[in-house]
>>> print(open('structure10.txt').read())   # compact mmCIF, C-alpha atoms (C1' of nucleotides)
# COMPACT_ATOMS: atom_id res chain seq x y z
CA MET A 727 38.20 -2.71 6.65
CA SER A 728 37.01 0.41 8.44
CA MET A 729 38.49 2.36 5.58
CA THR A 730 35.34 4.41 5.60
CA THR A 731 35.21 8.13 5.88
CA LEU A 732 33.88 9.35 9.19
CA TRP A 733 30.76 10.46 7.38
CA GLU A 734 29.82 6.96 6.44
CA ARG A 735 30.62 5.62 9.88
CA SER A 736 28.47 8.14 11.70
CA ARG A 737 25.78 7.55 9.14
CA GLN A 738 25.70 3.87 10.02
CA VAL A 739 25.41 4.83 13.67
CA ALA A 740 22.60 7.25 12.98
CA VAL A 741 20.75 4.74 10.82
CA GLN A 742 20.96 2.13 13.51
CA ALA A 743 19.79 4.56 16.20
CA ILE A 744 16.83 5.65 14.12
CA LEU A 745 15.95 2.07 13.29
CA ASP A 746 16.09 1.01 16.92
CA THR A 747 13.94 3.91 18.05
CA ALA A 748 11.42 3.34 15.29
CA VAL A 749 11.02 -0.38 15.83
CA ARG A 750 10.70 0.11 19.56
CA LEU A 751 8.01 2.77 19.17
CA PHE A 752 6.16 0.75 16.55
CA ALA A 753 6.12 -2.24 18.87
CA GLU A 754 4.98 -0.11 21.81
CA GLN A 755 2.19 1.93 20.22
CA GLY A 756 1.63 0.44 16.80
CA TYR A 757 2.74 1.62 13.40
CA GLU A 758 -0.05 4.02 12.53
CA GLN A 759 -0.04 5.66 15.95
CA THR A 760 3.64 6.53 15.77
CA THR A 761 4.51 9.73 13.94
CA ILE A 762 7.70 10.59 12.15
CA ALA A 763 8.03 13.63 14.41
CA GLN A 764 8.08 11.41 17.47
CA ILE A 765 10.68 9.05 16.04
CA ALA A 766 12.91 11.96 15.05
CA ARG A 767 12.55 13.58 18.46
CA GLU A 768 13.39 10.44 20.41
CA ALA A 769 16.25 9.55 18.08
CA GLY A 770 17.72 13.03 18.52
CA ILE A 771 17.66 13.95 14.86
CA SER A 772 15.77 16.45 12.79
CA GLN A 773 12.70 15.35 10.90
CA ARG A 774 14.29 16.56 7.70
CA SER A 775 17.37 14.37 8.12
CA LEU A 776 15.28 11.36 8.96
CA PHE A 777 13.63 11.65 5.59
CA ARG A 778 17.05 11.79 4.01
CA TYR A 779 18.03 8.46 5.55
CA PHE A 780 14.68 6.77 4.94
CA GLY A 781 12.65 8.11 2.07
CA THR A 782 9.35 6.90 3.51
CA LYS A 783 7.94 5.78 6.82
CA GLU A 784 7.52 2.29 5.46
CA ASP A 785 11.22 2.05 4.66
CA LEU A 786 11.86 2.12 8.40
CA VAL A 787 10.38 -1.35 8.53
CA CYS A 788 11.02 -2.95 5.16
CA GLY A 789 13.89 -0.89 3.76
CA ASP A 790 16.71 -3.39 3.56
CA GLN A 791 14.78 -5.72 1.32
CA GLU A 792 16.72 -4.34 -1.61
CA ALA A 793 19.99 -5.97 -0.58
CA LEU A 794 18.31 -9.27 0.24
CA GLY A 795 16.79 -9.38 -3.22
CA GLU A 796 20.22 -9.10 -4.81
CA LEU A 797 21.56 -11.89 -2.63
CA LEU A 798 18.61 -14.10 -3.49
CA LYS A 799 19.07 -13.60 -7.20
CA ARG A 800 22.78 -14.38 -7.11
CA THR A 801 22.25 -17.48 -5.02
CA VAL A 802 19.60 -18.89 -7.33
CA GLU A 803 21.78 -18.20 -10.36
CA GLN A 804 24.70 -20.08 -8.87
CA GLN A 805 22.83 -23.31 -8.21
CA PRO A 806 23.98 -26.23 -10.41
CA ALA A 807 22.31 -26.24 -13.80
CA GLU A 808 20.76 -29.68 -13.38
CA MET A 809 18.83 -28.55 -10.32
CA SER A 810 15.12 -27.93 -10.91
CA ALA A 811 13.64 -24.44 -10.69
CA TRP A 812 11.83 -25.35 -7.50
CA ASP A 813 14.94 -26.64 -5.79
CA ALA A 814 17.04 -23.68 -6.88
CA LEU A 815 14.50 -21.26 -5.42
CA ARG A 816 14.33 -23.30 -2.27
CA ALA A 817 18.12 -23.09 -1.95
CA GLY A 818 17.95 -19.32 -2.37
CA PHE A 819 15.30 -19.09 0.32
CA GLU A 820 17.50 -21.06 2.68
CA VAL A 821 20.40 -18.64 2.20
CA ILE A 822 18.14 -15.66 2.88
CA LEU A 823 17.05 -17.26 6.12
CA THR A 824 20.57 -17.55 7.48
CA ALA A 825 21.65 -14.14 6.21
CA ASN A 826 18.70 -12.43 7.84
CA HIS A 827 18.57 -10.38 11.02
CA PRO A 828 18.95 -11.98 14.40
CA PRO A 829 15.84 -14.15 14.76
CA GLU A 830 14.41 -12.13 17.63
CA ARG A 831 14.44 -8.93 15.59
CA ALA A 832 13.15 -10.72 12.50
CA LEU A 833 10.25 -12.05 14.51
CA GLU A 834 9.37 -8.61 15.81
CA LEU A 835 9.50 -7.12 12.33
CA SER A 836 7.47 -9.94 10.82
CA ARG A 837 4.77 -9.53 13.41
CA LEU A 838 4.65 -5.80 12.77
CA ILE A 839 4.39 -6.32 9.03
CA PHE A 840 1.70 -8.98 9.20
CA ASP A 841 -0.33 -7.06 11.77
CA THR A 842 -0.34 -3.80 9.81
CA PRO A 843 -2.23 -4.13 6.54
CA SER A 844 -0.63 -1.16 4.84
CA LEU A 845 2.83 -2.37 5.78
CA HIS A 846 2.08 -5.88 4.62
CA ALA A 847 0.96 -4.59 1.27
CA ARG A 848 4.04 -2.39 0.89
CA TYR A 849 6.25 -5.28 1.82
CA ILE A 850 4.72 -7.50 -0.85
CA GLU A 851 5.05 -4.73 -3.38
CA LYS A 852 8.77 -4.45 -2.73
CA ARG A 853 9.06 -8.17 -3.02
CA LEU A 854 7.37 -8.09 -6.40
CA HIS A 855 10.39 -6.18 -7.59
CA TRP A 856 12.83 -8.99 -6.88
CA GLN A 857 10.23 -11.38 -8.17
CA ALA A 858 10.42 -9.74 -11.57
CA GLU A 859 14.19 -9.99 -11.52
CA LEU A 860 14.08 -13.67 -10.71
CA VAL A 861 11.80 -14.60 -13.58
CA PRO A 862 14.52 -14.64 -16.30
CA VAL A 863 16.79 -16.67 -14.02
CA ILE A 864 14.08 -19.28 -13.61
CA ARG A 865 13.15 -19.29 -17.27
CA ALA A 866 16.72 -20.21 -18.16
CA ARG A 867 16.33 -23.28 -15.95
CA LEU A 868 13.01 -24.51 -17.31
CA GLY A 869 14.43 -27.17 -19.66
CA ASN A 870 13.70 -29.71 -16.93
CA GLY A 871 10.03 -28.79 -16.66
CA PRO A 872 7.08 -29.83 -18.79
CA SER A 873 7.35 -28.51 -22.30
CA GLY A 874 4.45 -27.24 -24.38
CA ALA A 875 3.52 -24.24 -22.24
CA VAL A 876 4.74 -20.70 -22.67
CA PRO A 877 7.94 -20.45 -20.61
CA GLU A 878 7.24 -16.83 -19.70
CA THR A 879 3.96 -17.78 -18.09
CA GLN A 880 5.47 -20.84 -16.45
CA SER A 881 8.38 -19.04 -14.88
CA LYS A 882 6.26 -16.15 -13.63
CA ALA A 883 3.77 -18.54 -12.08
CA ILE A 884 6.48 -20.58 -10.38
CA VAL A 885 8.20 -17.56 -8.91
CA ALA A 886 4.92 -16.05 -7.75
CA THR A 887 3.91 -19.30 -6.09
CA VAL A 888 7.22 -19.69 -4.30
CA PHE A 889 6.89 -16.20 -2.88
CA ALA A 890 3.30 -16.83 -1.88
CA CYS A 891 4.49 -19.86 0.06
CA ILE A 892 7.35 -17.92 1.64
CA ASP A 893 4.86 -15.30 2.70
CA THR A 894 2.43 -17.85 4.10
CA ALA A 895 5.18 -19.67 5.95
CA THR A 896 6.49 -16.44 7.45
CA GLU A 897 3.05 -15.42 8.60
CA LEU A 898 2.51 -18.77 10.29
CA TRP A 899 5.99 -18.59 11.79
CA ALA A 900 5.30 -15.17 13.29
CA GLY A 901 1.91 -16.37 14.51
CA HIS A 902 3.60 -19.23 16.39
CA ASP A 903 6.20 -16.84 17.87
CA GLY A 904 8.97 -18.53 15.93
CA ARG A 905 8.59 -21.85 17.72
CA ILE A 906 8.19 -23.77 14.47
CA ASP A 907 11.05 -23.92 12.00
CA LEU A 908 10.47 -21.56 9.09
CA ALA A 909 12.01 -23.86 6.51
CA ASP A 910 9.76 -26.70 7.65
CA LEU A 911 6.71 -24.47 7.28
CA TYR A 912 7.80 -23.53 3.80
CA ASP A 913 8.13 -27.19 2.84
CA GLN A 914 4.67 -27.89 4.20
CA CYS A 915 3.21 -25.03 2.18
CA LEU A 916 4.84 -26.22 -1.00
CA ALA A 917 3.75 -29.80 -0.34
CA ALA A 918 0.17 -28.63 0.14
CA VAL A 919 0.34 -26.90 -3.21
CA ARG A 920 2.24 -29.40 -5.31
CA GLY A 921 0.96 -32.54 -3.61
CA HIS A 922 4.28 -34.45 -3.65
CA ASP A 923 8.05 -33.79 -3.26
CA MET B 1427 -37.04 -2.30 -7.77
CA SER B 1428 -36.19 1.37 -8.05
CA MET B 1429 -37.77 1.69 -4.63
CA THR B 1430 -34.77 3.77 -3.65
CA THR B 1431 -35.05 7.09 -1.95
CA LEU B 1432 -33.99 10.00 -4.09
CA TRP B 1433 -30.92 10.32 -1.93
CA GLU B 1434 -29.60 6.97 -2.97
CA ARG B 1435 -30.40 7.54 -6.61
CA SER B 1436 -28.58 10.85 -6.79
CA ARG B 1437 -25.74 9.27 -4.87
CA GLN B 1438 -25.34 6.63 -7.57
CA VAL B 1439 -25.25 9.37 -10.17
CA ALA B 1440 -22.66 11.34 -8.23
CA VAL B 1441 -20.51 8.27 -7.67
CA GLN B 1442 -20.54 7.47 -11.35
CA ALA B 1443 -19.71 11.05 -12.32
CA ILE B 1444 -16.80 11.17 -9.89
CA LEU B 1445 -15.55 7.78 -11.05
CA ASP B 1446 -15.66 8.77 -14.71
CA THR B 1447 -13.86 12.04 -14.05
CA ALA B 1448 -11.22 10.34 -11.94
CA VAL B 1449 -10.45 7.53 -14.35
CA ARG B 1450 -10.28 9.93 -17.25
CA LEU B 1451 -7.87 12.24 -15.43
CA PHE B 1452 -5.75 9.34 -14.23
CA ALA B 1453 -5.47 8.07 -17.78
CA GLU B 1454 -4.63 11.53 -19.11
CA GLN B 1455 -2.04 12.71 -16.59
CA GLY B 1456 -1.23 9.70 -14.45
CA TYR B 1457 -2.37 8.81 -10.96
CA GLU B 1458 0.17 10.70 -8.85
CA GLN B 1459 -0.09 13.85 -10.94
CA THR B 1460 -3.83 14.09 -10.43
CA THR B 1461 -4.95 15.72 -7.19
CA ILE B 1462 -8.16 15.16 -5.30
CA ALA B 1463 -8.84 18.88 -5.61
CA GLN B 1464 -8.75 18.65 -9.39
CA ILE B 1465 -11.08 15.65 -9.52
CA ALA B 1466 -13.54 17.35 -7.19
CA ARG B 1467 -13.43 20.55 -9.18
CA GLU B 1468 -14.03 18.88 -12.54
CA ALA B 1469 -16.72 16.63 -11.12
CA GLY B 1470 -18.51 19.63 -9.65
CA ILE B 1471 -18.42 18.49 -6.06
CA SER B 1472 -16.69 19.64 -2.92
CA GLN B 1473 -13.48 18.00 -1.83
CA ARG B 1474 -15.10 17.13 1.48
CA SER B 1475 -17.97 15.27 -0.14
CA LEU B 1476 -15.65 13.38 -2.42
CA PHE B 1477 -13.94 11.94 0.63
CA ARG B 1478 -17.32 10.90 1.95
CA TYR B 1479 -18.05 8.86 -1.15
CA PHE B 1480 -14.55 7.41 -1.45
CA GLY B 1481 -12.61 7.19 1.76
CA THR B 1482 -9.25 7.34 0.01
CA LYS B 1483 -7.84 8.31 -3.34
CA GLU B 1484 -6.98 4.70 -4.01
CA ASP B 1485 -10.61 3.68 -3.61
CA LEU B 1486 -11.36 5.65 -6.75
CA VAL B 1487 -9.55 2.93 -8.65
CA CYS B 1488 -9.96 -0.22 -6.61
CA GLY B 1489 -12.94 0.60 -4.45
CA ASP B 1490 -15.49 -1.91 -5.63
CA GLN B 1491 -13.17 -4.79 -4.80
CA GLU B 1492 -15.03 -5.00 -1.52
CA ALA B 1493 -18.19 -6.27 -3.17
CA LEU B 1494 -16.24 -8.62 -5.44
CA GLY B 1495 -14.59 -10.19 -2.41
CA GLU B 1496 -17.98 -10.94 -0.90
CA LEU B 1497 -19.17 -12.46 -4.16
CA LEU B 1498 -16.06 -14.58 -4.41
CA LYS B 1499 -16.47 -15.93 -0.91
CA ARG B 1500 -20.14 -16.79 -1.38
CA THR B 1501 -19.48 -18.46 -4.71
CA VAL B 1502 -16.74 -20.67 -3.32
CA GLU B 1503 -18.89 -21.60 -0.35
CA GLN B 1504 -21.75 -22.67 -2.59
CA GLN B 1505 -19.77 -25.08 -4.72
CA PRO B 1506 -20.78 -28.74 -4.24
CA ALA B 1507 -19.10 -30.32 -1.25
CA GLU B 1508 -17.41 -33.06 -3.27
CA MET B 1509 -15.56 -30.50 -5.38
CA SER B 1510 -11.88 -30.09 -4.52
CA ALA B 1511 -10.58 -26.88 -2.99
CA TRP B 1512 -8.73 -26.04 -6.21
CA ASP B 1513 -11.80 -26.47 -8.37
CA ALA B 1514 -14.00 -24.50 -6.00
CA LEU B 1515 -11.58 -21.58 -6.07
CA ARG B 1516 -11.35 -21.82 -9.81
CA ALA B 1517 -15.15 -21.64 -10.04
CA GLY B 1518 -15.14 -18.56 -7.85
CA PHE B 1519 -12.53 -16.93 -10.04
CA GLU B 1520 -14.65 -17.62 -13.10
CA VAL B 1521 -17.66 -15.89 -11.56
CA ILE B 1522 -15.57 -12.85 -10.69
CA LEU B 1523 -14.42 -12.62 -14.27
CA THR B 1524 -17.93 -12.47 -15.70
CA ALA B 1525 -19.19 -10.14 -12.97
CA ASN B 1526 -16.40 -7.68 -13.58
CA HIS B 1527 -16.47 -4.41 -15.46
CA PRO B 1528 -16.70 -4.24 -19.21
CA PRO B 1529 -13.37 -5.67 -20.41
CA GLU B 1530 -12.16 -2.40 -21.88
CA ARG B 1531 -12.54 -0.58 -18.58
CA ALA B 1532 -11.08 -3.51 -16.65
CA LEU B 1533 -8.01 -3.48 -18.87
CA GLU B 1534 -7.49 0.24 -18.34
CA LEU B 1535 -7.83 -0.14 -14.58
CA SER B 1536 -5.51 -3.14 -14.47
CA ARG B 1537 -2.80 -1.29 -16.33
CA LEU B 1538 -3.18 1.71 -14.05
CA ILE B 1539 -2.88 -0.49 -10.97
CA PHE B 1540 0.15 -2.43 -12.20
CA ASP B 1541 1.93 0.74 -13.30
CA THR B 1542 1.37 2.74 -10.09
CA PRO B 1543 3.22 1.41 -7.05
CA SER B 1544 0.98 2.94 -4.41
CA LEU B 1545 -2.11 1.68 -6.19
CA HIS B 1546 -0.61 -1.74 -6.61
CA ALA B 1547 0.10 -1.87 -2.89
CA ARG B 1548 -3.46 -0.90 -2.05
CA TYR B 1549 -4.80 -3.51 -4.44
CA ILE B 1550 -2.66 -6.15 -2.78
CA GLU B 1551 -3.91 -5.05 0.60
CA LYS B 1552 -7.52 -5.56 -0.43
CA ARG B 1553 -6.64 -8.92 -1.92
CA LEU B 1554 -5.02 -10.02 1.32
CA HIS B 1555 -8.31 -9.28 3.01
CA TRP B 1556 -10.31 -11.63 0.81
CA GLN B 1557 -7.54 -14.14 1.13
CA ALA B 1558 -7.92 -14.21 4.91
CA GLU B 1559 -11.67 -14.58 4.59
CA LEU B 1560 -11.37 -17.47 2.16
CA VAL B 1561 -9.02 -19.54 4.31
CA PRO B 1562 -11.73 -20.94 6.64
CA VAL B 1563 -13.94 -21.73 3.65
CA ILE B 1564 -11.16 -23.74 2.07
CA ARG B 1565 -10.21 -25.46 5.30
CA ALA B 1566 -13.76 -26.76 5.60
CA ARG B 1567 -13.31 -28.41 2.21
CA LEU B 1568 -9.96 -30.08 2.84
CA GLY B 1569 -11.33 -33.53 3.65
CA ASN B 1570 -10.63 -34.44 0.02
CA GLY B 1571 -6.99 -33.41 0.18
CA PRO B 1572 -3.99 -35.31 1.51
CA SER B 1573 -4.24 -35.85 5.23
CA GLY B 1574 -1.35 -35.72 7.65
CA ALA B 1575 -0.48 -32.06 7.26
CA VAL B 1576 -1.79 -29.20 9.36
CA PRO B 1577 -5.00 -28.03 7.65
CA GLU B 1578 -4.38 -24.43 8.66
CA THR B 1579 -1.08 -24.42 6.81
CA GLN B 1580 -2.54 -26.30 3.86
CA SER B 1581 -5.49 -24.01 3.36
CA LYS B 1582 -3.45 -20.84 3.71
CA ALA B 1583 -0.89 -22.10 1.22
CA ILE B 1584 -3.56 -23.11 -1.29
CA VAL B 1585 -5.38 -19.80 -1.12
CA ALA B 1586 -2.15 -17.82 -1.34
CA THR B 1587 -1.06 -19.80 -4.38
CA VAL B 1588 -4.36 -19.35 -6.16
CA PHE B 1589 -4.17 -15.61 -5.67
CA ALA B 1590 -0.56 -15.56 -6.80
CA CYS B 1591 -1.67 -17.26 -10.00
CA ILE B 1592 -4.62 -14.89 -10.44
CA ASP B 1593 -2.25 -11.98 -10.03
CA THR B 1594 0.27 -13.41 -12.46
CA ALA B 1595 -2.42 -14.16 -15.02
CA THR B 1596 -3.88 -10.67 -14.71
CA GLU B 1597 -0.49 -9.05 -15.14
CA LEU B 1598 0.19 -11.12 -18.27
CA TRP B 1599 -3.30 -10.36 -19.54
CA ALA B 1600 -2.79 -6.62 -19.13
CA GLY B 1601 0.64 -6.90 -20.73
CA HIS B 1602 -0.89 -8.53 -23.80
CA ASP B 1603 -3.61 -5.85 -23.98
CA GLY B 1604 -6.29 -8.40 -23.18
CA ARG B 1605 -5.74 -10.37 -26.37
CA ILE B 1606 -5.27 -13.65 -24.49
CA ASP B 1607 -8.13 -15.11 -22.46
CA LEU B 1608 -7.64 -14.48 -18.77
CA ALA B 1609 -9.08 -17.81 -17.69
CA ASP B 1610 -6.72 -19.64 -20.04
CA LEU B 1611 -3.77 -17.78 -18.57
CA TYR B 1612 -4.88 -18.72 -15.09
CA ASP B 1613 -5.09 -22.38 -16.07
CA GLN B 1614 -1.62 -22.21 -17.57
CA CYS B 1615 -0.24 -20.70 -14.38
CA LEU B 1616 -1.81 -23.34 -12.22
CA ALA B 1617 -0.65 -26.10 -14.54
CA ALA B 1618 2.90 -24.78 -14.35
CA VAL B 1619 2.72 -24.93 -10.59
CA ARG B 1620 0.90 -28.20 -10.03
CA GLY B 1621 2.24 -30.05 -13.05
CA HIS B 1622 -1.01 -31.75 -14.10
CA ASP B 1623 -4.79 -31.08 -14.24
C1' DC C 1088 -49.24 23.66 2.76
C1' DG C 1089 -46.31 24.26 6.91
C1' DC C 1090 -43.39 21.93 10.24
C1' DC C 1091 -40.13 18.75 12.04
C1' DT C 1092 -36.74 15.29 11.62
C1' DA C 1093 -33.10 12.80 9.05
C1' DC C 1094 -29.59 13.07 6.28
C1' DT C 1095 -26.38 15.35 3.27
C1' DT C 1096 -23.34 18.97 1.79
C1' DG C 1097 -19.63 22.32 1.85
C1' DG C 1098 -16.37 25.29 4.17
C1' DC C 1099 -12.83 25.72 7.74
C1' DA C 1100 -9.25 24.15 10.54
C1' DT C 1101 -5.99 20.61 11.55
C1' DT C 1102 -2.82 16.67 11.22
C1' DA C 1103 0.70 13.82 9.11
C1' DA C 1104 3.71 12.49 5.44
C1' DC C 1105 6.58 14.33 2.40
C1' DT C 1106 9.54 17.85 -0.68
C1' DG C 1107 12.32 22.00 -2.05
C1' DC C 1108 15.21 25.58 -0.62
C1' DC C 1109 18.79 27.81 1.78
C1' DA C 1110 21.96 29.02 5.38
C1' DG C 1111 25.40 27.24 8.40
C1' DG C 1112 28.64 23.88 10.04
C1' DA C 1113 31.62 19.86 10.12
C1' DA C 1114 34.96 16.61 7.32
C1' DG C 1115 38.41 16.14 4.15
C1' DT C 1116 42.06 18.33 0.93
C1' DC C 1117 45.94 21.19 -0.20
C1' DG D 172 44.82 27.99 7.70
C1' DA D 173 42.12 28.53 3.45
C1' DC D 174 39.08 25.99 0.33
C1' DT D 175 36.02 22.58 -1.26
C1' DT D 176 32.60 19.10 -0.38
C1' DC D 177 29.12 17.16 1.84
C1' DC D 178 25.76 16.87 5.54
C1' DT D 179 22.39 18.95 8.74
C1' DG D 180 18.50 21.49 10.36
C1' DG D 181 14.95 24.84 9.99
C1' DC D 182 11.24 26.82 7.32
C1' DA D 183 7.73 27.03 4.10
C1' DG D 184 4.67 24.60 1.07
C1' DT D 185 1.96 20.59 -1.01
C1' DT D 186 -1.20 16.72 -0.69
C1' DA D 187 -4.13 13.29 1.37
C1' DA D 188 -7.22 12.72 4.97
C1' DT D 189 -10.25 13.73 9.32
C1' DG D 190 -13.29 16.34 12.62
C1' DC D 191 -16.53 19.92 13.33
C1' DC D 192 -20.23 22.91 12.45
C1' DA D 193 -23.55 25.65 9.95
C1' DA D 194 -26.64 25.54 6.04
C1' DG D 195 -29.43 23.13 2.85
C1' DT D 196 -32.58 19.49 1.07
C1' DA D 197 -35.56 15.18 1.01
C1' DG D 198 -39.31 12.78 3.28
C1' DG D 199 -43.03 12.08 6.55
C1' DC D 200 -46.97 14.09 9.32
C1' DG D 201 -50.68 16.94 10.87
>>> encode(input="structure10.txt", output="structure tokens")
Amino acid sequence: MSMTTLWERSRQVAVQAILDTAVRLFAEQGYEQTTIAQIAREAGISQRSLFRYFGTKEDLVCGDQEALGELLKRTVEQQPAEMSAWDALRAGFEVILTANHPPERALELSRLIFDTPSLHARYIEKRLHWQAELVPVIRARLGNGPSGAVPETQSKAIVATVFACIDTATELWAGHDGRIDLADLYDQCLAAVRGHD
Amino acid sequence: MSMTTLWERSRQVAVQAILDTAVRLFAEQGYEQTTIAQIAREAGISQRSLFRYFGTKEDLVCGDQEALGELLKRTVEQQPAEMSAWDALRAGFEVILTANHPPERALELSRLIFDTPSLHARYIEKRLHWQAELVPVIRARLGNGPSGAVPETQSKAIVATVFACIDTATELWAGHDGRIDLADLYDQCLAAVRGHD
DNA sequence: CGCCTACTTGGCATTAACTGCCAGGAAGTC
DNA sequence: GACTTCCTGGCAGTTAATGCCAAGTAGGCG
């Protein structure tokens, strides 16, 4: 399985080292107060190479969202056809949860994101990208829902709401230091919105 | 009423001139391609002063959101106490709509925001700010809602969902060049999520 | 009107996030 | 061992943004 060229292997090592340094410094002094120069220095890499690994400073925190988006989309697609849009999205969310970082790291990152306005905004913006990719998947499943409305509007609204609830649940979860189950919080959010289920 | 010192009057004029120049240039060459230096030059002002009027480049596009957020909060607060949280938020949204720019300008700005990632992020950031300020207002109104859940979670989820629907409706509205009524789109989004009403 | 204070303006220097370019070195191929 | 390919680091340059200071202008007062 390690049929990787040495280049790729050492790249993984470098990426991990940079990421560890960055997250540590962000936690210690805050995101805005930490400069790229400092991260590069402490990670033992040139500033120029750091920008080759991570195109922007924000990617140091919310860079791997890309892969998670793909996983989410595939999971939702593969849910049985008779499942409602809401349940299919909920199943996808569940898979993301288990596939995510070790919970301690995820908690640290979540706190950083929710405490730093510019990061939070960037994070949501990246998420909007998967959101757009999920809309057609949900539209294909809308036979079960109420007819008479424009399916484009319906599916966009449903996906946006689900992500709003995921976001809210994650924020509450980070605020409680991870002591409350994230999936439970998500269900509470959705119940508050939809009033049943 | 024009009991304003000449300083404030000429400031209003300058702000408007800068804003007009900026929006025109953004529309002509795109947001990223337009530099602060160019805007300042064409508006006949120094770069330094431009940054005193608008703290950031993004504020040139979504700067007056601050005032709208205040208006939104006050409007929601002043709705009759027996009105549900959903209806109070809907009333606030309606007021924002009428208090907004002339529709042509609003459409242009919306498209610019949705098409420019960094702008979109900044817009989301400002929205998150109002969101946080609205949560206590909504929590105070939750006596009408289903009891048994944590009100903090409930109110956060409701506010987040409403904004998700506002965002979705606005995106659809901009995509249809403003030909569909924004309030109607919002109602459709909320109906798709809540299933009745 | 002349003076003083309050506030604004513009220029200069500086920082931080990026980007392009180019030389040099290590990894993989034959 | 030569050759190609790819990565790395340094250097210069751009852009947004901030602090500082000197110069100018509005407004109030004698």
>>> residues_around(input="structure10.txt", residues="DA1114 (chain C)", least_positions_apart="6", cutoff="9 Å", atoms="all atoms listed in the file", output="PyMOL selection string")
(chain A and resi 731-733) or (chain D and resi 176-177)
>>> residues_around(input="structure10.txt", residues="DC1108 (chain C)", least_positions_apart="4", cutoff="12 Å", atoms="all atoms listed in the file", output="number ranges by chain")
D: 181-184
>>> interface_residues(input="structure10.txt", of="chain D", to="chain B", cutoff="9 Å", atoms="only C-alpha atoms (C1' of nucleotides)", output="list of chain:residue names")
D:DT186, D:DA187, D:DA188, D:DA197, D:DG198
>>> write_last_selection(input="structure10.txt", atoms="C-alpha atoms (C1' of nucleotides)", output="mmCIF file, in the coordinates of the input")
data_model
loop_
_atom_site.group_PDB
_atom_site.id
_atom_site.type_symbol
_atom_site.label_atom_id
_atom_site.label_comp_id
_atom_site.auth_asym_id
_atom_site.auth_seq_id
_atom_site.Cartn_x
_atom_site.Cartn_y
_atom_site.Cartn_z
ATOM 1 C "C1'" DT D 186 -1.200 16.720 -0.690
ATOM 2 C "C1'" DA D 187 -4.130 13.290 1.370
ATOM 3 C "C1'" DA D 188 -7.220 12.720 4.970
ATOM 4 C "C1'" DA D 197 -35.560 15.180 1.010
ATOM 5 C "C1'" DG D 198 -39.310 12.780 3.280
#
>>> atom_distance(input="structure10.txt", atom1="CA of Tyr1457 (chain B)", atom2="CA of Leu1538 (chain B)")
7.8 Å
>>> closest_atom_pairs(input="structure10.txt", of="chain B", to="chain C", cutoff="12 Å", atoms="only C-alpha atoms (C1' of nucleotides)", output="CSV")
residue,atom,partner,partner_atom,distance
B:Thr1431,CA,C:DC1094,C1',11.5
B:Leu1432,CA,C:DC1094,C1',11.7
B:Trp1433,CA,C:DT1095,C1',8.5
B:Glu1434,CA,C:DT1095,C1',10.9
B:Ser1436,CA,C:DT1095,C1',11.2
B:Arg1437,CA,C:DT1095,C1',10.2
B:Ala1466,CA,C:DG1097,C1',12.0
B:Gly1470,CA,C:DG1097,C1',11.9
B:Ile1471,CA,C:DG1097,C1',8.9
B:Ser1472,CA,C:DG1097,C1',6.2
B:Gln1473,CA,C:DG1097,C1',8.4
B:Arg1474,CA,C:DG1097,C1',6.9
B:Ser1475,CA,C:DT1096,C1',6.8
B:Leu1476,CA,C:DT1096,C1',10.4
B:Phe1477,CA,C:DT1096,C1',11.8
B:Arg1478,CA,C:DT1096,C1',10.1
B:Tyr1479,CA,C:DT1095,C1',11.4
>>> interface_residues(input="structure10.txt", of="chain A", to="chain B", cutoff="6 Å", atoms="only C-alpha atoms", output="MDAnalysis selection string")
chainID A and resid 847:848 851 880 883:884 886:887 890:891 915 918:920
>>> residues_near_point(input="structure10.txt", point="(-12.7, -18.7, -12.5)", cutoff="10 Å", atoms="all atoms listed in the file", output="MDAnalysis selection string")
chainID B and resid 1498 1513:1524 1592 1608:1610 1612:1613
>>> atom_distance(input="structure10.txt", atom1="CA of Glu1534 (chain B)", atom2="CA of Ala1493 (chain B)")
19.7 Å
>>> atom_distance(input="structure10.txt", atom1="CA of Gly901 (chain A)", atom2="CA of Arg837 (chain A)")
7.5 Å
>>> residues_around(input="structure10.txt", residues="region 744-755 of chain A", least_positions_apart="6", cutoff="7 Å", atoms="all atoms listed in the file", output="list in words")
Ile765, Glu768, Ala769 and Leu786 of chain A
>>> write_last_selection(input="structure10.txt", atoms="C-alpha atoms", output="PDB file, keeping the file's coordinate frame")
ATOM      1  CA  ILE A 765      10.680   9.050  16.040  1.00  0.00           C
ATOM      2  CA  GLU A 768      13.390  10.440  20.410  1.00  0.00           C
ATOM      3  CA  ALA A 769      16.250   9.550  18.080  1.00  0.00           C
ATOM      4  CA  LEU A 786      11.860   2.120   8.400  1.00  0.00           C
TER       5      LEU A 786
END
>>> closest_residue(input="structure10.txt", among="A:Gln738, A:Asp841, A:Leu833, A:Trp856", to="His902 (chain A)", atoms="all atoms listed in the file")
A:Leu833
